[in-house]
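All remarks here apply to the structure that follows.
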Amino acid sequence: MNSSILSKNIQDFISKNSGTSITKLALQKNPFPEVEWILILNQIEAKTKAKEKLPTWFLTENIIYPSRISVEQTSSEKTASYKASLIDGKTLIDLTGGFGVDDYYFSQKFKVVAHCEINEDLSAIVKHNFEQLDVKNCTFFADDSTNILKESKQKWDWIYIDPSRRNDAKGKVFMLKDCLPNVPELLDFYFEKADSILIKTAPLLDISAGLSELKFVKNIHIIALENEVKELLFEIHNHYSGDITIKTANILKDKVETFEFILGNESDYPSYHLPQKYLYEPNSAIMKSGGFDEVSSSFKINKLQKHSHLYTSEELIDFPGRVFEIEKVISYSKNDMKAELLNQQANITTRNFPDTVENIRKKWKIKNGGNLYCFFTTDKNDNKIVLICRKII
């Protein structure tokens, strides 16, 4: 950690230039020759990135940032805060501490938090930053987390781990066994140190693939931010053998949309119907969950077709996703398309449809945007249809 960038003049310069083009700044002469110009530029770039994602860090004086990529890869404050609300206890050890955003929020829920980070420089940066953030209940270990656990006799309430999806031999990976550390291989060892473990995985990881590698899974949390899935969390408890609950959350500016269901609950049979007055499109967290039949059952609304994952009802309901009023339903035919959508402007979505959005736009000369929303899909009778809608939510 290079503490020379903490001088007041350099910190003022970094704050003043937050948001400025790094390409343009790089062409200027370094006004602080005692510090490498690239180091200062990195701080400006990372702080700029932190403004929306990490506002607490952005607004706190004398914060040191790691690389811009590290800031990009860390949890956002919104997802970290929500994640901390999912678990509780007195002690937690984070085996892959990184930039420490998760631990900042865990420290508000737990009496003792341990931050493990194998990169000594990053560990020192986080320790310094936590002093600026007035976090006093976190300890820091700059070593491999497996070594730390082996040397410790302490029993923790929770282990939190976000395995690295970069493998020196295989590059970018998604299966847990290919990540570092290898959680499936170390799971029994981890249970010697804690009875409850929260594992963050790649958002692209298939849920069934994660379940095939793990045991004692109680809850699976899918967290989306502004309708983009950011985190997939496996919550496991030693010797747990009951139902697995999938819990989804879509964090929006003014609310959090939540939906949960029991995985594999055979009592959740969907109902199917031709398009009614309203159309519902689940948020991305629900789409990731695969709980399409459960949506129909829980909200008492009808599916358009088994694989369409769109829903309809005659009465308007509160729904975790986008809601539309259907103005017209047409068949996907030459005559209907010419009459209704040729040379028009519309937002296009395809669900269980044989053609792509790009091809549909090109074929029918439909411009992007406007207030019209068109869903190209398949109905319960396997007919290709277009739902012409106005957005409500």
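Ligands are numbered from 1 in the order shown, residues from 1 within each chain, and chains are lettered A, B, ... in the order they appear in the structure tokens.
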Original post:
What lies within 9 Å of Asp293 of chain A using only C-alpha atoms, ignoring chain neighbours under 2 positions off, as number ranges by chain?
Top reply: A: 268-271, 290-291, 295-298, 303, 306, 309
Given the selection you just returned, output its residues as a file containing C-alpha atoms, formatted as a PDB file, in the first residue's frame.
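Contents of out_15.pdb, freshly written:
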```
ATOM      1  CA  ASP A 268     -47.435 -26.057  -7.829  1.00  0.00           C
ATOM      2  CA  TYR A 269     -49.333 -26.735 -11.033  1.00  0.00           C
ATOM      3  CA  PRO A 270     -49.703 -23.810 -13.424  1.00  0.00           C
ATOM      4  CA  SER A 271     -52.831 -22.853 -15.318  1.00  0.00           C
ATOM      5  CA  GLY A 290     -36.632 -21.248 -12.917  1.00  0.00           C
ATOM      6  CA  GLY A 291     -39.748 -21.050 -10.728  1.00  0.00           C
ATOM      7  CA  VAL A 295     -45.269 -17.860 -10.242  1.00  0.00           C
ATOM      8  CA  SER A 296     -48.553 -18.957 -11.805  1.00  0.00           C
ATOM      9  CA  SER A 297     -49.582 -20.854  -8.677  1.00  0.00           C
ATOM     10  CA  SER A 298     -48.545 -18.189  -6.137  1.00  0.00           C
ATOM     11  CA  LYS A 303     -49.231 -18.852 -18.154  1.00  0.00           C
ATOM     12  CA  LYS A 306     -45.391 -23.914 -20.925  1.00  0.00           C
ATOM     13  CA  HIS A 309     -42.713 -17.638 -19.193  1.00  0.00           C
TER      14      HIS A 309
END
```
Hey, what does DSSP flag as strand (DSSP E or B) within segment 45-284 of chain A? Can you give it to me as a PDB file with N, CA, C and O atoms, in the first residue's frame?
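Saved result, states34.pdb, follows:
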```pdb
ATOM      1  N   THR A  91     -20.300 -14.100  15.281  1.00  0.00           N
ATOM      2  CA  THR A  91     -18.985 -14.116  14.648  1.00  0.00           C
ATOM      3  C   THR A  91     -19.086 -14.601  13.214  1.00  0.00           C
ATOM      4  O   THR A  91     -19.832 -15.528  12.896  1.00  0.00           O
ATOM      5  N   LEU A  92     -18.312 -13.973  12.331  1.00  0.00           N
ATOM      6  CA  LEU A  92     -18.268 -14.358  10.911  1.00  0.00           C
ATOM      7  C   LEU A  92     -16.848 -14.212  10.411  1.00  0.00           C
ATOM      8  O   LEU A  92     -16.162 -13.229  10.721  1.00  0.00           O
ATOM      9  N   ILE A  93     -16.404 -15.171   9.612  1.00  0.00           N
ATOM     10  CA  ILE A  93     -15.106 -15.078   8.951  1.00  0.00           C
ATOM     11  C   ILE A  93     -15.317 -15.118   7.451  1.00  0.00           C
ATOM     12  O   ILE A  93     -16.013 -15.994   6.920  1.00  0.00           O
ATOM     13  N   ASP A  94     -14.772 -14.121   6.773  1.00  0.00           N
ATOM     14  CA  ASP A  94     -14.845 -14.011   5.318  1.00  0.00           C
ATOM     15  C   ASP A  94     -13.530 -14.553   4.754  1.00  0.00           C
ATOM     16  O   ASP A  94     -12.467 -13.965   4.970  1.00  0.00           O
ATOM     17  N   VAL A 112     -18.126  -9.746  15.779  1.00  0.00           N
ATOM     18  CA  VAL A 112     -16.745  -9.949  15.321  1.00  0.00           C
ATOM     19  C   VAL A 112     -16.766 -10.409  13.870  1.00  0.00           C
ATOM     20  O   VAL A 112     -17.475 -11.354  13.529  1.00  0.00           O
ATOM     21  N   VAL A 113     -15.984  -9.741  13.023  1.00  0.00           N
ATOM     22  CA  VAL A 113     -15.837 -10.127  11.620  1.00  0.00           C
ATOM     23  C   VAL A 113     -14.345 -10.248  11.320  1.00  0.00           C
ATOM     24  O   VAL A 113     -13.552  -9.381  11.692  1.00  0.00           O
ATOM     25  N   ALA A 114     -13.971 -11.335  10.665  1.00  0.00           N
ATOM     26  CA  ALA A 114     -12.576 -11.535  10.252  1.00  0.00           C
ATOM     27  C   ALA A 114     -12.494 -11.450   8.741  1.00  0.00           C
ATOM     28  O   ALA A 114     -13.243 -12.117   8.029  1.00  0.00           O
ATOM     29  N   HIS A 115     -11.581 -10.626   8.260  1.00  0.00           N
ATOM     30  CA  HIS A 115     -11.368 -10.404   6.828  1.00  0.00           C
ATOM     31  C   HIS A 115     -10.071 -11.098   6.421  1.00  0.00           C
ATOM     32  O   HIS A 115      -8.986 -10.715   6.872  1.00  0.00           O
ATOM     33  N   CYS A 116     -10.189 -12.137   5.602  1.00  0.00           N
ATOM     34  CA  CYS A 116      -9.008 -12.867   5.125  1.00  0.00           C
ATOM     35  C   CYS A 116      -8.743 -12.490   3.665  1.00  0.00           C
ATOM     36  O   CYS A 116      -9.644 -12.563   2.832  1.00  0.00           O
ATOM     37  N   CYS A 138     -13.597  -5.457  13.177  1.00  0.00           N
ATOM     38  CA  CYS A 138     -13.104  -6.328  12.110  1.00  0.00           C
ATOM     39  C   CYS A 138     -11.606  -6.536  12.273  1.00  0.00           C
ATOM     40  O   CYS A 138     -10.853  -5.579  12.506  1.00  0.00           O
ATOM     41  N   THR A 139     -11.172  -7.793  12.184  1.00  0.00           N
ATOM     42  CA  THR A 139      -9.748  -8.113  12.219  1.00  0.00           C
ATOM     43  C   THR A 139      -9.303  -8.555  10.829  1.00  0.00           C
ATOM     44  O   THR A 139     -10.109  -9.062  10.035  1.00  0.00           O
ATOM     45  N   PHE A 140      -7.997  -8.399  10.549  1.00  0.00           N
ATOM     46  CA  PHE A 140      -7.501  -8.605   9.188  1.00  0.00           C
ATOM     47  C   PHE A 140      -6.366  -9.621   9.180  1.00  0.00           C
ATOM     48  O   PHE A 140      -5.440  -9.543   9.996  1.00  0.00           O
ATOM     49  N   PHE A 141      -6.458 -10.564   8.241  1.00  0.00           N
ATOM     50  CA  PHE A 141      -5.441 -11.604   8.085  1.00  0.00           C
ATOM     51  C   PHE A 141      -4.971 -11.623   6.635  1.00  0.00           C
ATOM     52  O   PHE A 141      -5.762 -11.864   5.722  1.00  0.00           O
ATOM     53  N   TRP A 156     -16.644 -20.527  14.444  1.00  0.00           N
ATOM     54  CA  TRP A 156     -17.347 -19.342  13.959  1.00  0.00           C
ATOM     55  C   TRP A 156     -18.831 -19.645  13.772  1.00  0.00           C
ATOM     56  O   TRP A 156     -19.217 -20.776  13.490  1.00  0.00           O
ATOM     57  N   ASP A 157     -19.654 -18.599  13.901  1.00  0.00           N
ATOM     58  CA  ASP A 157     -21.083 -18.774  13.609  1.00  0.00           C
ATOM     59  C   ASP A 157     -21.302 -18.942  12.112  1.00  0.00           C
ATOM     60  O   ASP A 157     -22.133 -19.745  11.684  1.00  0.00           O
ATOM     61  N   TRP A 158     -20.561 -18.155  11.327  1.00  0.00           N
ATOM     62  CA  TRP A 158     -20.707 -18.209   9.870  1.00  0.00           C
ATOM     63  C   TRP A 158     -19.351 -18.147   9.173  1.00  0.00           C
ATOM     64  O   TRP A 158     -18.450 -17.432   9.629  1.00  0.00           O
ATOM     65  N   ILE A 159     -19.260 -18.867   8.077  1.00  0.00           N
ATOM     66  CA  ILE A 159     -18.178 -18.679   7.101  1.00  0.00           C
ATOM     67  C   ILE A 159     -18.822 -18.089   5.855  1.00  0.00           C
ATOM     68  O   ILE A 159     -19.861 -18.567   5.386  1.00  0.00           O
ATOM     69  N   TYR A 160     -18.220 -17.023   5.345  1.00  0.00           N
ATOM     70  CA  TYR A 160     -18.649 -16.454   4.063  1.00  0.00           C
ATOM     71  C   TYR A 160     -17.502 -16.612   3.082  1.00  0.00           C
ATOM     72  O   TYR A 160     -16.341 -16.375   3.423  1.00  0.00           O
ATOM     73  N   ILE A 161     -17.832 -17.017   1.865  1.00  0.00           N
ATOM     74  CA  ILE A 161     -16.777 -17.233   0.875  1.00  0.00           C
ATOM     75  C   ILE A 161     -17.267 -16.890  -0.526  1.00  0.00           C
ATOM     76  O   ILE A 161     -18.385 -17.250  -0.914  1.00  0.00           O
ATOM     77  N   SER A 164     -12.770 -17.338  -6.127  1.00  0.00           N
ATOM     78  CA  SER A 164     -12.320 -16.679  -7.349  1.00  0.00           C
ATOM     79  C   SER A 164     -12.700 -17.502  -8.565  1.00  0.00           C
ATOM     80  O   SER A 164     -12.448 -18.703  -8.628  1.00  0.00           O
ATOM     81  N   ARG A 166     -11.389 -17.108 -11.356  1.00  0.00           N
ATOM     82  CA  ARG A 166     -10.231 -17.155 -12.249  1.00  0.00           C
ATOM     83  C   ARG A 166      -9.318 -18.267 -11.788  1.00  0.00           C
ATOM     84  O   ARG A 166      -8.889 -18.301 -10.647  1.00  0.00           O
ATOM     85  N   ASN A 167      -9.032 -19.175 -12.682  1.00  0.00           N
ATOM     86  CA  ASN A 167      -8.155 -20.299 -12.382  1.00  0.00           C
ATOM     87  C   ASN A 167      -6.926 -20.181 -13.273  1.00  0.00           C
ATOM     88  O   ASN A 167      -7.041 -19.997 -14.488  1.00  0.00           O
ATOM     89  N   GLY A 171      -8.347 -20.476 -16.793  1.00  0.00           N
ATOM     90  CA  GLY A 171      -8.910 -19.177 -17.117  1.00  0.00           C
ATOM     91  C   GLY A 171     -10.186 -18.920 -16.344  1.00  0.00           C
ATOM     92  O   GLY A 171     -10.311 -19.306 -15.185  1.00  0.00           O
ATOM     93  N   LYS A 172     -11.169 -18.285 -16.990  1.00  0.00           N
ATOM     94  CA  LYS A 172     -12.443 -17.980 -16.320  1.00  0.00           C
ATOM     95  C   LYS A 172     -13.286 -19.242 -16.235  1.00  0.00           C
ATOM     96  O   LYS A 172     -13.522 -19.904 -17.240  1.00  0.00           O
ATOM     97  N   LEU A 180     -11.163 -21.005  -6.958  1.00  0.00           N
ATOM     98  CA  LEU A 180     -10.160 -20.999  -5.896  1.00  0.00           C
ATOM     99  C   LEU A 180     -10.655 -20.161  -4.724  1.00  0.00           C
ATOM    100  O   LEU A 180     -10.988 -18.993  -4.910  1.00  0.00           O
ATOM    101  N   ALA A 194     -17.261 -24.036  11.294  1.00  0.00           N
ATOM    102  CA  ALA A 194     -18.549 -23.329  11.384  1.00  0.00           C
ATOM    103  C   ALA A 194     -19.659 -24.260  10.930  1.00  0.00           C
ATOM    104  O   ALA A 194     -19.447 -25.097  10.055  1.00  0.00           O
ATOM    105  N   ASP A 195     -20.840 -24.087  11.515  1.00  0.00           N
ATOM    106  CA  ASP A 195     -21.986 -24.920  11.121  1.00  0.00           C
ATOM    107  C   ASP A 195     -22.803 -24.292  10.000  1.00  0.00           C
ATOM    108  O   ASP A 195     -23.650 -24.954   9.403  1.00  0.00           O
ATOM    109  N   SER A 196     -22.559 -23.020   9.726  1.00  0.00           N
ATOM    110  CA  SER A 196     -23.321 -22.317   8.685  1.00  0.00           C
ATOM    111  C   SER A 196     -22.357 -21.636   7.717  1.00  0.00           C
ATOM    112  O   SER A 196     -21.409 -20.965   8.147  1.00  0.00           O
ATOM    113  N   ILE A 197     -22.622 -21.811   6.431  1.00  0.00           N
ATOM    114  CA  ILE A 197     -21.738 -21.280   5.396  1.00  0.00           C
ATOM    115  C   ILE A 197     -22.575 -20.596   4.321  1.00  0.00           C
ATOM    116  O   ILE A 197     -23.592 -21.137   3.873  1.00  0.00           O
ATOM    117  N   LEU A 198     -22.152 -19.409   3.911  1.00  0.00           N
ATOM    118  CA  LEU A 198     -22.787 -18.688   2.808  1.00  0.00           C
ATOM    119  C   LEU A 198     -21.776 -18.586   1.678  1.00  0.00           C
ATOM    120  O   LEU A 198     -20.688 -18.033   1.856  1.00  0.00           O
ATOM    121  N   ILE A 199     -22.145 -19.129   0.512  1.00  0.00           N
ATOM    122  CA  ILE A 199     -21.227 -19.195  -0.623  1.00  0.00           C
ATOM    123  C   ILE A 199     -21.763 -18.351  -1.771  1.00  0.00           C
ATOM    124  O   ILE A 199     -22.886 -18.564  -2.242  1.00  0.00           O
ATOM    125  N   LYS A 200     -20.977 -17.395  -2.209  1.00  0.00           N
ATOM    126  CA  LYS A 200     -21.339 -16.585  -3.366  1.00  0.00           C
ATOM    127  C   LYS A 200     -20.741 -17.224  -4.613  1.00  0.00           C
ATOM    128  O   LYS A 200     -19.553 -17.563  -4.643  1.00  0.00           O
ATOM    129  N   THR A 201     -21.559 -17.400  -5.642  1.00  0.00           N
ATOM    130  CA  THR A 201     -21.073 -18.022  -6.872  1.00  0.00           C
ATOM    131  C   THR A 201     -21.313 -17.091  -8.059  1.00  0.00           C
ATOM    132  O   THR A 201     -21.969 -16.055  -7.933  1.00  0.00           O
ATOM    133  N   VAL A 217     -27.736 -27.917   1.569  1.00  0.00           N
ATOM    134  CA  VAL A 217     -28.227 -26.603   1.139  1.00  0.00           C
ATOM    135  C   VAL A 217     -29.630 -26.366   1.704  1.00  0.00           C
ATOM    136  O   VAL A 217     -30.527 -27.184   1.530  1.00  0.00           O
ATOM    137  N   LYS A 218     -29.809 -25.239   2.365  1.00  0.00           N
ATOM    138  CA  LYS A 218     -31.115 -24.883   2.939  1.00  0.00           C
ATOM    139  C   LYS A 218     -31.827 -23.824   2.092  1.00  0.00           C
ATOM    140  O   LYS A 218     -33.010 -23.942   1.800  1.00  0.00           O
ATOM    141  N   ASN A 219     -31.083 -22.782   1.726  1.00  0.00           N
ATOM    142  CA  ASN A 219     -31.659 -21.692   0.928  1.00  0.00           C
ATOM    143  C   ASN A 219     -30.731 -21.339  -0.222  1.00  0.00           C
ATOM    144  O   ASN A 219     -29.499 -21.406  -0.090  1.00  0.00           O
ATOM    145  N   ILE A 220     -31.327 -20.953  -1.334  1.00  0.00           N
ATOM    146  CA  ILE A 220     -30.574 -20.400  -2.460  1.00  0.00           C
ATOM    147  C   ILE A 220     -31.124 -18.995  -2.699  1.00  0.00           C
ATOM    148  O   ILE A 220     -32.320 -18.812  -2.925  1.00  0.00           O
ATOM    149  N   HIS A 221     -30.250 -18.006  -2.600  1.00  0.00           N
ATOM    150  CA  HIS A 221     -30.651 -16.612  -2.765  1.00  0.00           C
ATOM    151  C   HIS A 221     -30.183 -16.099  -4.125  1.00  0.00           C
ATOM    152  O   HIS A 221     -29.013 -16.264  -4.492  1.00  0.00           O
ATOM    153  N   ILE A 222     -31.103 -15.487  -4.854  1.00  0.00           N
ATOM    154  CA  ILE A 222     -30.769 -14.873  -6.140  1.00  0.00           C
ATOM    155  C   ILE A 222     -31.016 -13.377  -5.999  1.00  0.00           C
ATOM    156  O   ILE A 222     -32.152 -12.948  -5.763  1.00  0.00           O
ATOM    157  N   ILE A 223     -29.956 -12.595  -6.123  1.00  0.00           N
ATOM    158  CA  ILE A 223     -30.062 -11.149  -5.902  1.00  0.00           C
ATOM    159  C   ILE A 223     -29.814 -10.407  -7.219  1.00  0.00           C
ATOM    160  O   ILE A 223     -28.760 -10.559  -7.843  1.00  0.00           O
ATOM    161  N   ALA A 224     -30.796  -9.612  -7.610  1.00  0.00           N
ATOM    162  CA  ALA A 224     -30.667  -8.776  -8.798  1.00  0.00           C
ATOM    163  C   ALA A 224     -30.668  -7.311  -8.370  1.00  0.00           C
ATOM    164  O   ALA A 224     -31.276  -6.953  -7.352  1.00  0.00           O
ATOM    165  N   LEU A 225     -29.975  -6.493  -9.127  1.00  0.00           N
ATOM    166  CA  LEU A 225     -29.945  -5.050  -8.890  1.00  0.00           C
ATOM    167  C   LEU A 225     -30.441  -4.363 -10.151  1.00  0.00           C
ATOM    168  O   LEU A 225     -29.855  -4.515 -11.221  1.00  0.00           O
ATOM    169  N   GLU A 228     -30.918  -6.794 -13.012  1.00  0.00           N
ATOM    170  CA  GLU A 228     -29.757  -7.532 -13.520  1.00  0.00           C
ATOM    171  C   GLU A 228     -29.235  -8.432 -12.400  1.00  0.00           C
ATOM    172  O   GLU A 228     -28.872  -7.937 -11.339  1.00  0.00           O
ATOM    173  N   VAL A 229     -29.215  -9.738 -12.643  1.00  0.00           N
ATOM    174  CA  VAL A 229     -28.770 -10.670 -11.609  1.00  0.00           C
ATOM    175  C   VAL A 229     -27.294 -10.435 -11.308  1.00  0.00           C
ATOM    176  O   VAL A 229     -26.445 -10.475 -12.194  1.00  0.00           O
ATOM    177  N   LYS A 230     -27.002 -10.187 -10.033  1.00  0.00           N
ATOM    178  CA  LYS A 230     -25.634  -9.883  -9.613  1.00  0.00           C
ATOM    179  C   LYS A 230     -25.015 -11.009  -8.787  1.00  0.00           C
ATOM    180  O   LYS A 230     -23.812 -11.241  -8.863  1.00  0.00           O
ATOM    181  N   GLU A 231     -25.842 -11.688  -7.964  1.00  0.00           N
ATOM    182  CA  GLU A 231     -25.277 -12.678  -7.047  1.00  0.00           C
ATOM    183  C   GLU A 231     -26.185 -13.892  -6.919  1.00  0.00           C
ATOM    184  O   GLU A 231     -27.417 -13.769  -6.891  1.00  0.00           O
ATOM    185  N   LEU A 232     -25.547 -15.038  -6.834  1.00  0.00           N
ATOM    186  CA  LEU A 232     -26.216 -16.303  -6.546  1.00  0.00           C
ATOM    187  C   LEU A 232     -25.564 -16.854  -5.288  1.00  0.00           C
ATOM    188  O   LEU A 232     -24.349 -17.072  -5.260  1.00  0.00           O
ATOM    189  N   LEU A 233     -26.344 -17.033  -4.232  1.00  0.00           N
ATOM    190  CA  LEU A 233     -25.812 -17.420  -2.930  1.00  0.00           C
ATOM    191  C   LEU A 233     -26.390 -18.756  -2.486  1.00  0.00           C
ATOM    192  O   LEU A 233     -27.613 -18.948  -2.512  1.00  0.00           O
ATOM    193  N   PHE A 234     -25.513 -19.652  -2.076  1.00  0.00           N
ATOM    194  CA  PHE A 234     -25.938 -20.936  -1.513  1.00  0.00           C
ATOM    195  C   PHE A 234     -25.733 -20.879   0.002  1.00  0.00           C
ATOM    196  O   PHE A 234     -24.604 -20.704   0.468  1.00  0.00           O
ATOM    197  N   GLU A 235     -26.823 -21.004   0.738  1.00  0.00           N
ATOM    198  CA  GLU A 235     -26.776 -20.996   2.198  1.00  0.00           C
ATOM    199  C   GLU A 235     -26.857 -22.438   2.689  1.00  0.00           C
ATOM    200  O   GLU A 235     -27.856 -23.120   2.467  1.00  0.00           O
ATOM    201  N   ILE A 236     -25.794 -22.914   3.342  1.00  0.00           N
ATOM    202  CA  ILE A 236     -25.760 -24.317   3.767  1.00  0.00           C
ATOM    203  C   ILE A 236     -25.530 -24.411   5.277  1.00  0.00           C
ATOM    204  O   ILE A 236     -24.824 -23.595   5.872  1.00  0.00           O
ATOM    205  N   HIS A 237     -26.177 -25.409   5.873  1.00  0.00           N
ATOM    206  CA  HIS A 237     -26.088 -25.635   7.318  1.00  0.00           C
ATOM    207  C   HIS A 237     -25.738 -27.104   7.544  1.00  0.00           C
ATOM    208  O   HIS A 237     -26.362 -27.996   6.948  1.00  0.00           O
ATOM    209  N   THR A 245     -35.313 -23.901  -0.174  1.00  0.00           N
ATOM    210  CA  THR A 245     -36.111 -22.738  -0.559  1.00  0.00           C
ATOM    211  C   THR A 245     -35.295 -21.827  -1.461  1.00  0.00           C
ATOM    212  O   THR A 245     -34.140 -21.512  -1.153  1.00  0.00           O
ATOM    213  N   ILE A 246     -35.874 -21.438  -2.577  1.00  0.00           N
ATOM    214  CA  ILE A 246     -35.236 -20.459  -3.458  1.00  0.00           C
ATOM    215  C   ILE A 246     -35.856 -19.097  -3.173  1.00  0.00           C
ATOM    216  O   ILE A 246     -37.080 -18.931  -3.228  1.00  0.00           O
ATOM    217  N   LYS A 247     -35.010 -18.130  -2.826  1.00  0.00           N
ATOM    218  CA  LYS A 247     -35.470 -16.794  -2.452  1.00  0.00           C
ATOM    219  C   LYS A 247     -34.887 -15.774  -3.432  1.00  0.00           C
ATOM    220  O   LYS A 247     -33.667 -15.660  -3.561  1.00  0.00           O
ATOM    221  N   THR A 248     -35.755 -15.066  -4.123  1.00  0.00           N
ATOM    222  CA  THR A 248     -35.294 -14.081  -5.103  1.00  0.00           C
ATOM    223  C   THR A 248     -35.543 -12.672  -4.599  1.00  0.00           C
ATOM    224  O   THR A 248     -36.508 -12.407  -3.873  1.00  0.00           O
ATOM    225  N   ALA A 249     -34.656 -11.765  -4.995  1.00  0.00           N
ATOM    226  CA  ALA A 249     -34.810 -10.347  -4.640  1.00  0.00           C
ATOM    227  C   ALA A 249     -34.315  -9.506  -5.803  1.00  0.00           C
ATOM    228  O   ALA A 249     -33.221  -9.742  -6.329  1.00  0.00           O
ATOM    229  N   ASN A 250     -35.123  -8.554  -6.201  1.00  0.00           N
ATOM    230  CA  ASN A 250     -34.728  -7.587  -7.219  1.00  0.00           C
ATOM    231  C   ASN A 250     -34.723  -6.217  -6.553  1.00  0.00           C
ATOM    232  O   ASN A 250     -35.776  -5.670  -6.213  1.00  0.00           O
ATOM    233  N   ILE A 251     -33.519  -5.677  -6.325  1.00  0.00           N
ATOM    234  CA  ILE A 251     -33.361  -4.410  -5.604  1.00  0.00           C
ATOM    235  C   ILE A 251     -33.540  -3.251  -6.573  1.00  0.00           C
ATOM    236  O   ILE A 251     -32.760  -3.072  -7.507  1.00  0.00           O
ATOM    237  N   VAL A 256     -37.823  -3.332  -2.926  1.00  0.00           N
ATOM    238  CA  VAL A 256     -37.197  -4.618  -3.224  1.00  0.00           C
ATOM    239  C   VAL A 256     -38.311  -5.609  -3.553  1.00  0.00           C
ATOM    240  O   VAL A 256     -39.204  -5.849  -2.732  1.00  0.00           O
ATOM    241  N   GLU A 257     -38.272  -6.150  -4.769  1.00  0.00           N
ATOM    242  CA  GLU A 257     -39.245  -7.161  -5.170  1.00  0.00           C
ATOM    243  C   GLU A 257     -38.742  -8.529  -4.711  1.00  0.00           C
ATOM    244  O   GLU A 257     -37.627  -8.924  -5.048  1.00  0.00           O
ATOM    245  N   THR A 258     -39.553  -9.234  -3.936  1.00  0.00           N
ATOM    246  CA  THR A 258     -39.137 -10.545  -3.441  1.00  0.00           C
ATOM    247  C   THR A 258     -40.139 -11.616  -3.850  1.00  0.00           C
ATOM    248  O   THR A 258     -41.340 -11.347  -4.008  1.00  0.00           O
ATOM    249  N   PHE A 259     -39.632 -12.815  -4.030  1.00  0.00           N
ATOM    250  CA  PHE A 259     -40.470 -13.967  -4.343  1.00  0.00           C
ATOM    251  C   PHE A 259     -39.696 -15.210  -3.936  1.00  0.00           C
ATOM    252  O   PHE A 259     -38.483 -15.295  -4.155  1.00  0.00           O
ATOM    253  N   GLU A 260     -40.378 -16.169  -3.315  1.00  0.00           N
ATOM    254  CA  GLU A 260     -39.705 -17.393  -2.916  1.00  0.00           C
ATOM    255  C   GLU A 260     -40.618 -18.595  -3.078  1.00  0.00           C
ATOM    256  O   GLU A 260     -41.849 -18.461  -3.125  1.00  0.00           O
ATOM    257  N   PHE A 261     -39.993 -19.755  -3.195  1.00  0.00           N
ATOM    258  CA  PHE A 261     -40.761 -20.992  -3.354  1.00  0.00           C
ATOM    259  C   PHE A 261     -39.896 -22.176  -2.943  1.00  0.00           C
ATOM    260  O   PHE A 261     -38.664 -22.070  -2.858  1.00  0.00           O
ATOM    261  N   ILE A 262     -40.556 -23.293  -2.683  1.00  0.00           N
ATOM    262  CA  ILE A 262     -39.859 -24.528  -2.334  1.00  0.00           C
ATOM    263  C   ILE A 262     -39.448 -25.237  -3.613  1.00  0.00           C
ATOM    264  O   ILE A 262     -40.279 -25.479  -4.496  1.00  0.00           O
ATOM    265  N   TYR A 272     -53.076 -22.457 -17.692  1.00  0.00           N
ATOM    266  CA  TYR A 272     -52.761 -21.846 -18.988  1.00  0.00           C
ATOM    267  C   TYR A 272     -54.000 -21.152 -19.541  1.00  0.00           C
ATOM    268  O   TYR A 272     -55.131 -21.598 -19.327  1.00  0.00           O
ATOM    269  N   TYR A 278     -54.230  -8.232 -18.985  1.00  0.00           N
ATOM    270  CA  TYR A 278     -52.915  -7.784 -18.524  1.00  0.00           C
ATOM    271  C   TYR A 278     -51.845  -8.840 -18.802  1.00  0.00           C
ATOM    272  O   TYR A 278     -52.129 -10.052 -18.805  1.00  0.00           O
ATOM    273  N   LEU A 279     -50.628  -8.361 -19.002  1.00  0.00           N
ATOM    274  CA  LEU A 279     -49.483  -9.234 -19.270  1.00  0.00           C
ATOM    275  C   LEU A 279     -48.405  -8.969 -18.228  1.00  0.00           C
ATOM    276  O   LEU A 279     -48.141  -7.815 -17.875  1.00  0.00           O
ATOM    277  N   TYR A 280     -47.768 -10.050 -17.746  1.00  0.00           N
ATOM    278  CA  TYR A 280     -46.743  -9.930 -16.705  1.00  0.00           C
ATOM    279  C   TYR A 280     -45.454 -10.617 -17.153  1.00  0.00           C
ATOM    280  O   TYR A 280     -45.476 -11.756 -17.621  1.00  0.00           O
ATOM    281  N   GLU A 281     -44.347  -9.896 -16.977  1.00  0.00           N
ATOM    282  CA  GLU A 281     -43.024 -10.443 -17.285  1.00  0.00           C
ATOM    283  C   GLU A 281     -42.198 -10.458 -15.993  1.00  0.00           C
ATOM    284  O   GLU A 281     -41.902  -9.400 -15.435  1.00  0.00           O
ATOM    285  N   PRO A 282     -41.826 -11.638 -15.478  1.00  0.00           N
ATOM    286  CA  PRO A 282     -41.078 -11.701 -14.212  1.00  0.00           C
ATOM    287  C   PRO A 282     -39.737 -10.981 -14.293  1.00  0.00           C
ATOM    288  O   PRO A 282     -39.131 -10.879 -15.375  1.00  0.00           O
TER     289      PRO A 282
END
```
**OP:** Extract, using only C-alpha atoms, all DNA, RNA and protein residues at most 9 Å from segment 121-125 of chain A, discarding same-chain residues fewer than 6 positions from it, and format them as a PyMOL selection string.
**Re:** chain A and resi 1-2+63-66+97-100+115+140-142
**OP:** Determine the nearest neighbour of Leu6 of chain A from the options A:Glu61, A:Glu294, A:Asp254, A:Glu185, counting only C-alpha atoms.
**Re:** A:Glu61
Original post:
Of the candidates A:Lys363, A:Asn283, A:Asn352, A:Asp243, which one gets nearest to Gly264 of chain A if we count only C-alpha atoms?
Top reply: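 Nearest to Gly264 of chain A: A:Asp243.
Here atom CA of Thr349 of chain A is placed at a distance of 23.4 Å from atom CA of Asp206 of chain A.
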Subject >> Shell around Pro163 of chain A at 7 Å using only C-alpha atoms, local window under 6 positions removed, as a list in words >> reply: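 Once the nearby chain positions are removed, what remains is Thr96, Cys179, Leu180 and Pro181 of chain A.
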Subject >> Within 10 Å of Tyr104 of chain A using only C-alpha atoms, minus same-chain residues under 6 positions, as a list in words >> reply: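 Those residues are Glu77, Ala80, Ser81, Ala84, Val113, His115, Val126, Phe130, Leu133, Asp134, Val135, Asn137 and Cys138 of chain A.
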